[in-house]
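Enquirer: Pasting a structure here, questions to come.
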Amino acid sequence: MRSVQDHLAAVLAAVGPVAPLDVALHDAVGCILARDLVATRDVPATALAARDGYAVAAHETAAAGLDTPLTLPVAHDVLPGAPAGVRLAPGQAVRIASGGALPLGADAVVPLEETDRGAVRFALQRPAVAGQHVRPVGADVRTGEVVLAAGTRLGARQLALAATLGHGRLHVHPTPRVVLLSVGDELVEPGTSRQREGAVFETDGHALEAAVRDAGATPVRVGILPDDRGTLREALDDQLVRADLVVITGGLSELVGDTVKDVLATLGTVRLDHVAMTPGLRHGFGTVGSDLGADRTVPIFALQGDPVAAQVSFEVFVRPALRAMGGHAELYRPSVTARATHGWTSPAGLRQFVPATVLGSPEEGYRATPLGDPTAPTVSALAHANALAVVGEHDTGVQPGQVVHCLVLEG
């Protein structure tokens, strides 16, 4: 039997970041930047007004006071986007909109609300200070500055910076495309009638589709496949071309009716193992080639069809692999230590993952409450959990008040 650590190490050794691509800004959302983004220009490239008002030479307003307002003629209007180069004549002002290029000779902006808002002449009652309400050249970004380091996840704020610098495309690790195949003659789609006895609603594909997206990857749910070797092999041949990773659920029984083991055993480096964990004892993992070239291989996971086993196995093995493939530095869920509010038994020799609720704070400590029967976790228990309590292979139970490690599933 393979340990959890050994299986995870084999998984991470077989995957790496998806080859970087130049993509349009709107396709870069959620991707990881593959190389430093360096500013090729100052931002702003010219001094700009930070408020609507009047551009002035500050030293010319020294005489302004509450009892002796200063009046200056308005020689020109400047709007955002107007070419820079307007020159301020001595003793005059320029009415300017926020974002407009500051005239040559001006070094301050008097806000509209501090004036009488005149269009031909305006009055102010206190002196301006050099630099007030002005965004100087390079106030935001300087030429040659690394504004976003490789490894940065690209969200709204990062894309705003890239767009400000004029980048229409970015060099990123694209989000991995994950093909999801659910295998089983007994499966039917939710929302349809279970017309035959023994039919089971297909759960894994829908759950893992959401889990893949949450991990920062792109799911491609193919749907239900029958327990037929030829159909599964044909589906794999069709999907490998577009897949960065494949996840198959179901069909891992060691009885003669399940076909996944027979098909995968003939492909690439895929091997089937018993992994020392519960739920999710039986696993398949390896890599296979595709029609895109001998140098390209696609990782394949085969998970048990039980929905709880499939989701726990995804969290422990598939999610870290997807994070690594996407170029993320942080591969794992956050974890906390918590004191168990109740005791439970755990099978010797297996690492146990128990759906639980974890409450508390760093200051007061955390409490972990198992949900349902820890020895037989259910979909409903997992649905209400915000963590997985982890019991080591050498423990045969947890006592009330005992400290356990918990993988945090939310937040």
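By convention in this document, the chains of the structure tokens carry letters A, B, ... by their order, each chain's residues are numbered from 1, and ligands are numbered from 1 in the order they are shown.
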Would you please give, as a PyMOL selection string, all residues of segment 254-335 of chain A that DSSP assigns to strand (DSSP E) based on the backbone?
Expert: chain A and resi 271-274+277-278+282-290+293-303+335
Enquirer: What would the file look like if the residues just selected were written as a PDB file, in the first residue's frame with C-alpha atoms?
Expert:
```pdb
ATOM      1  CA  ARG A 271      -0.467   2.755 -12.432  1.00  0.00           C
ATOM      2  CA  LEU A 272      -3.217   1.730 -10.027  1.00  0.00           C
ATOM      3  CA  ASP A 273      -2.483   1.739  -6.312  1.00  0.00           C
ATOM      4  CA  HIS A 274      -4.062   1.374  -2.937  1.00  0.00           C
ATOM      5  CA  MET A 277      -6.128   6.870   3.237  1.00  0.00           C
ATOM      6  CA  THR A 278      -9.835   6.871   3.911  1.00  0.00           C
ATOM      7  CA  ARG A 282      -7.992   3.137  -4.617  1.00  0.00           C
ATOM      8  CA  HIS A 283      -6.255   5.506  -7.035  1.00  0.00           C
ATOM      9  CA  GLY A 284      -4.917   5.617 -10.536  1.00  0.00           C
ATOM     10  CA  PHE A 285      -2.325   8.114 -11.706  1.00  0.00           C
ATOM     11  CA  GLY A 286       0.212   8.528 -14.470  1.00  0.00           C
ATOM     12  CA  THR A 287       0.900  10.328 -17.722  1.00  0.00           C
ATOM     13  CA  VAL A 288       0.106   9.463 -21.325  1.00  0.00           C
ATOM     14  CA  GLY A 289       1.210  10.939 -24.632  1.00  0.00           C
ATOM     15  CA  SER A 290      -1.074  12.770 -27.023  1.00  0.00           C
ATOM     16  CA  GLY A 293       3.768  15.421 -30.167  1.00  0.00           C
ATOM     17  CA  ALA A 294       6.039  12.999 -28.397  1.00  0.00           C
ATOM     18  CA  ASP A 295       7.292  15.708 -26.042  1.00  0.00           C
ATOM     19  CA  ARG A 296       3.823  16.415 -24.642  1.00  0.00           C
ATOM     20  CA  THR A 297       2.319  14.195 -21.957  1.00  0.00           C
ATOM     21  CA  VAL A 298      -0.970  14.556 -20.129  1.00  0.00           C
ATOM     22  CA  PRO A 299      -1.406  13.594 -16.451  1.00  0.00           C
ATOM     23  CA  ILE A 300      -4.396  11.355 -15.741  1.00  0.00           C
ATOM     24  CA  PHE A 301      -6.070  10.792 -12.374  1.00  0.00           C
ATOM     25  CA  ALA A 302      -8.531   7.973 -11.767  1.00  0.00           C
ATOM     26  CA  LEU A 303     -10.574   8.480  -8.609  1.00  0.00           C
ATOM     27  CA  SER A 335      -4.296  24.402   7.597  1.00  0.00           C
TER      28      SER A 335
END
```
Enquirer: Find the spatial neighbours of Leu72 of chain A, counting only C-alpha atoms, within a cut-off of 8 Å - ignore same-chain residues fewer than 5 positions away - and output them as a VMD selection string.
Expert: chain A and resid 91 to 93 121 to 123
Enquirer: With only C-alpha atoms as the counted atoms, please give the residues lying no more than 9 Å from Thr203 of chain A, apart from itself and same-chain residues fewer than 5 positions off, as a compact mmCIF listing (two decimals) with N, CA, C and O atoms, in the first residue's frame.
Expert:
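result.txt, freshly written:
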```
# COMPACT_ATOMS: atom_id res chain seq x y z
N SER A 182 -16.90 10.83 -16.25
CA SER A 182 -17.57 10.04 -15.22
C SER A 182 -17.99 8.71 -15.85
O SER A 182 -18.71 8.69 -16.84
N LEU A 187 -25.05 5.42 -13.92
CA LEU A 187 -25.16 6.87 -13.76
C LEU A 187 -26.20 7.48 -14.68
O LEU A 187 -26.31 7.11 -15.86
N GLU A 189 -28.02 11.64 -15.39
CA GLU A 189 -27.86 13.05 -15.09
C GLU A 189 -28.90 13.52 -14.07
O GLU A 189 -30.07 13.13 -14.16
N PRO A 190 -28.51 14.35 -13.11
CA PRO A 190 -29.50 14.98 -12.22
C PRO A 190 -30.52 15.76 -13.06
O PRO A 190 -30.17 16.36 -14.07
N LEU A 208 -16.74 18.10 -9.19
CA LEU A 208 -15.36 18.37 -9.57
C LEU A 208 -15.26 19.52 -10.57
O LEU A 208 -14.23 20.20 -10.63
N GLY A 305 -15.49 6.38 -7.55
CA GLY A 305 -16.76 7.01 -7.90
C GLY A 305 -17.53 7.54 -6.73
O GLY A 305 -18.40 8.41 -6.90
N ASP A 306 -17.27 7.05 -5.53
CA ASP A 306 -17.95 7.58 -4.36
C ASP A 306 -17.71 9.08 -4.25
O ASP A 306 -16.56 9.53 -4.26
N PRO A 307 -18.79 9.89 -4.16
CA PRO A 307 -18.60 11.35 -4.21
C PRO A 307 -17.70 11.90 -3.12
O PRO A 307 -16.92 12.83 -3.37
```
Enquirer: Report the residues of segment 106-311 of chain A whose backbone DSSP state falls under alpha helix (DSSP H), written as an MDAnalysis selection string.
Expert: chainID A and resid 156:164 204:214 229:239 260:264 307:311
Enquirer: If you count only C-alpha atoms, which residues fall within 10 Å of Ser3 of chain A, apart from same-chain ones fewer than 6 positions away, as a PyMOL selection string?
Expert: chain A and resi 9+273-277+349-351+393
Enquirer: Would you export the selected residues with N, CA, C and O atoms as a PDB file, in the first residue's frame, please?
Expert:
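New file again18.pdb:
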```pdb
ATOM      1  N   ALA A   9       3.924  12.929  -3.718  1.00  0.00           N
ATOM      2  CA  ALA A   9       5.239  13.239  -4.292  1.00  0.00           C
ATOM      3  C   ALA A   9       5.324  12.786  -5.733  1.00  0.00           C
ATOM      4  O   ALA A   9       5.880  13.489  -6.595  1.00  0.00           O
ATOM      5  N   ASP A 273      -3.022   2.011  -7.640  1.00  0.00           N
ATOM      6  CA  ASP A 273      -2.483   1.739  -6.312  1.00  0.00           C
ATOM      7  C   ASP A 273      -3.575   1.809  -5.265  1.00  0.00           C
ATOM      8  O   ASP A 273      -4.607   2.485  -5.444  1.00  0.00           O
ATOM      9  N   HIS A 274      -3.333   1.114  -4.158  1.00  0.00           N
ATOM     10  CA  HIS A 274      -4.062   1.374  -2.937  1.00  0.00           C
ATOM     11  C   HIS A 274      -3.242   2.395  -2.153  1.00  0.00           C
ATOM     12  O   HIS A 274      -2.051   2.180  -1.887  1.00  0.00           O
ATOM     13  N   VAL A 275      -3.865   3.519  -1.833  1.00  0.00           N
ATOM     14  CA  VAL A 275      -3.203   4.578  -1.075  1.00  0.00           C
ATOM     15  C   VAL A 275      -3.743   4.522   0.347  1.00  0.00           C
ATOM     16  O   VAL A 275      -4.960   4.394   0.569  1.00  0.00           O
ATOM     17  N   ALA A 276      -2.876   4.638   1.312  1.00  0.00           N
ATOM     18  CA  ALA A 276      -3.235   4.458   2.721  1.00  0.00           C
ATOM     19  C   ALA A 276      -4.013   5.653   3.244  1.00  0.00           C
ATOM     20  O   ALA A 276      -3.507   6.474   4.024  1.00  0.00           O
ATOM     21  N   MET A 277      -5.273   5.781   2.810  1.00  0.00           N
ATOM     22  CA  MET A 277      -6.128   6.870   3.237  1.00  0.00           C
ATOM     23  C   MET A 277      -7.575   6.410   3.204  1.00  0.00           C
ATOM     24  O   MET A 277      -7.929   5.449   2.518  1.00  0.00           O
ATOM     25  N   GLY A 349      -3.346   2.371  10.292  1.00  0.00           N
ATOM     26  CA  GLY A 349      -2.636   2.237   9.026  1.00  0.00           C
ATOM     27  C   GLY A 349      -3.142   3.111   7.907  1.00  0.00           C
ATOM     28  O   GLY A 349      -2.549   3.138   6.821  1.00  0.00           O
ATOM     29  N   LEU A 350      -4.229   3.838   8.135  1.00  0.00           N
ATOM     30  CA  LEU A 350      -4.799   4.711   7.100  1.00  0.00           C
ATOM     31  C   LEU A 350      -4.873   6.142   7.610  1.00  0.00           C
ATOM     32  O   LEU A 350      -5.222   6.375   8.779  1.00  0.00           O
ATOM     33  N   ARG A 351      -4.550   7.097   6.739  1.00  0.00           N
ATOM     34  CA  ARG A 351      -4.747   8.504   7.090  1.00  0.00           C
ATOM     35  C   ARG A 351      -6.220   8.831   6.857  1.00  0.00           C
ATOM     36  O   ARG A 351      -6.738   8.661   5.752  1.00  0.00           O
ATOM     37  N   GLU A 393      -1.836   8.024  10.263  1.00  0.00           N
ATOM     38  CA  GLU A 393      -1.901   6.587  10.021  1.00  0.00           C
ATOM     39  C   GLU A 393      -1.674   5.761  11.283  1.00  0.00           C
ATOM     40  O   GLU A 393      -2.154   4.627  11.390  1.00  0.00           O
TER      41      GLU A 393
END
```
Enquirer: I'd like to know which of A:Leu232, A:Cys406, A:Leu159, A:Leu388 is closest to Leu37 of chain A, using only C-alpha atoms.
Expert: A:Leu159
Enquirer: Atom CA of Val354 of chain A and atom CA of Pro377 of chain A are how many Å apart?
Expert: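 Atom CA of Val354 of chain A sits 6.9 Å away from atom CA of Pro377 of chain A.
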Enquirer: Mind checking which residues fall within 6 Å of Val109 of chain A, counting only C-alpha atoms, ignoring those fewer than 3 positions away in the same chain, and posting them as a list in words?
Expert: Tyr54, Ala55 and His133 of chain A
Enquirer: Based on the selection just made, write N, CA and C atoms of those residues as a compact mmCIF listing (two decimals), in the first residue's frame.
Expert:
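Result file is part_38.txt:
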```txt
# COMPACT_ATOMS: atom_id res chain seq x y z
N TYR A 54 -7.67 75.33 -11.40
CA TYR A 54 -6.89 76.29 -12.17
C TYR A 54 -5.41 76.01 -11.95
N ALA A 55 -4.67 75.85 -13.04
CA ALA A 55 -3.22 75.66 -12.97
C ALA A 55 -2.57 77.03 -12.84
N HIS A 133 -2.09 69.23 -5.52
CA HIS A 133 -3.04 68.66 -6.49
C HIS A 133 -2.41 68.45 -7.86
```
Enquirer: How close does each residue of segment 69-165 of chain A get to segment 170-173 of chain A, giving the shortest atom pair and distance in Å to one decimal for every residue with an atom at most 10 Å away, counting only C-alpha atoms, sorted by chain and residue number, as CSV?
Expert:
```
residue,atom,partner,partner_atom,distance
A:Ala150,CA,A:Val172,CA,8.7
A:Gly151,CA,A:Val172,CA,8.9
A:Thr152,CA,A:Val172,CA,9.5
A:Arg153,CA,A:Val172,CA,9.4
A:Leu154,CA,A:Val172,CA,9.1
A:Leu159,CA,A:Leu170,CA,9.4
A:Ala162,CA,A:Leu170,CA,8.2
```
Enquirer: Which residue gives the smallest distance to Pro174 of chain A among A:Val336, A:Ala210, A:Val38, A:Ala19, with only C-alpha atoms counted?
Expert: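 When distances to Pro174 of chain A are compared using only C-alpha atoms, the smallest one comes from A:Ala19.
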Enquirer: Given the choices A:Arg229, A:His206, A:Arg95, A:Arg213, which gets closest to Arg323 of chain A if the distance is worked out from only C-alpha atoms?
Expert: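 Using only C-alpha atoms, Arg323 of chain A sits closest to A:Arg213.
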Enquirer: Could you check which of A:Gly81, A:Gly392, A:Gly168, A:Gly155 is closest to Leu102 of chain A, using only C-alpha atoms?
Expert: A:Gly81
Enquirer: Tell me, as an MDAnalysis selection string, which residues lie within 8 Å of Val78 of chain A, counting only C-alpha atoms; anything in the same chain fewer than 5 positions away does not count.
Expert: chainID A and resid 94:97 100:101
Enquirer: Neighbours of Gly138 of chain A within 7 Å (only C-alpha atoms; same-chain residues fewer than 5 positions away dropped), as an MDAnalysis selection string?
Expert: chainID A and resid 42:45
Enquirer: Go ahead and save the picked residues with N, CA, C and O atoms, as a PDB file, in the first residue's frame.
Expert:
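Ended up saving to again_38.pdb:
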```pdb
ATOM      1  N   ASP A  42       7.263  56.200 -18.060  1.00  0.00           N
ATOM      2  CA  ASP A  42       6.815  56.759 -16.789  1.00  0.00           C
ATOM      3  C   ASP A  42       5.293  56.856 -16.781  1.00  0.00           C
ATOM      4  O   ASP A  42       4.664  57.117 -17.816  1.00  0.00           O
ATOM      5  N   VAL A  43       4.702  56.667 -15.616  1.00  0.00           N
ATOM      6  CA  VAL A  43       3.267  56.878 -15.439  1.00  0.00           C
ATOM      7  C   VAL A  43       3.077  57.773 -14.208  1.00  0.00           C
ATOM      8  O   VAL A  43       3.471  57.396 -13.103  1.00  0.00           O
ATOM      9  N   PRO A  44       2.516  58.966 -14.404  1.00  0.00           N
ATOM     10  CA  PRO A  44       2.172  59.555 -15.705  1.00  0.00           C
ATOM     11  C   PRO A  44       3.415  60.017 -16.461  1.00  0.00           C
ATOM     12  O   PRO A  44       4.453  60.281 -15.862  1.00  0.00           O
ATOM     13  N   ALA A  45       3.269  60.099 -17.786  1.00  0.00           N
ATOM     14  CA  ALA A  45       4.398  60.496 -18.624  1.00  0.00           C
ATOM     15  C   ALA A  45       4.630  61.999 -18.587  1.00  0.00           C
ATOM     16  O   ALA A  45       5.711  62.479 -18.934  1.00  0.00           O
TER      17      ALA A  45
END
```
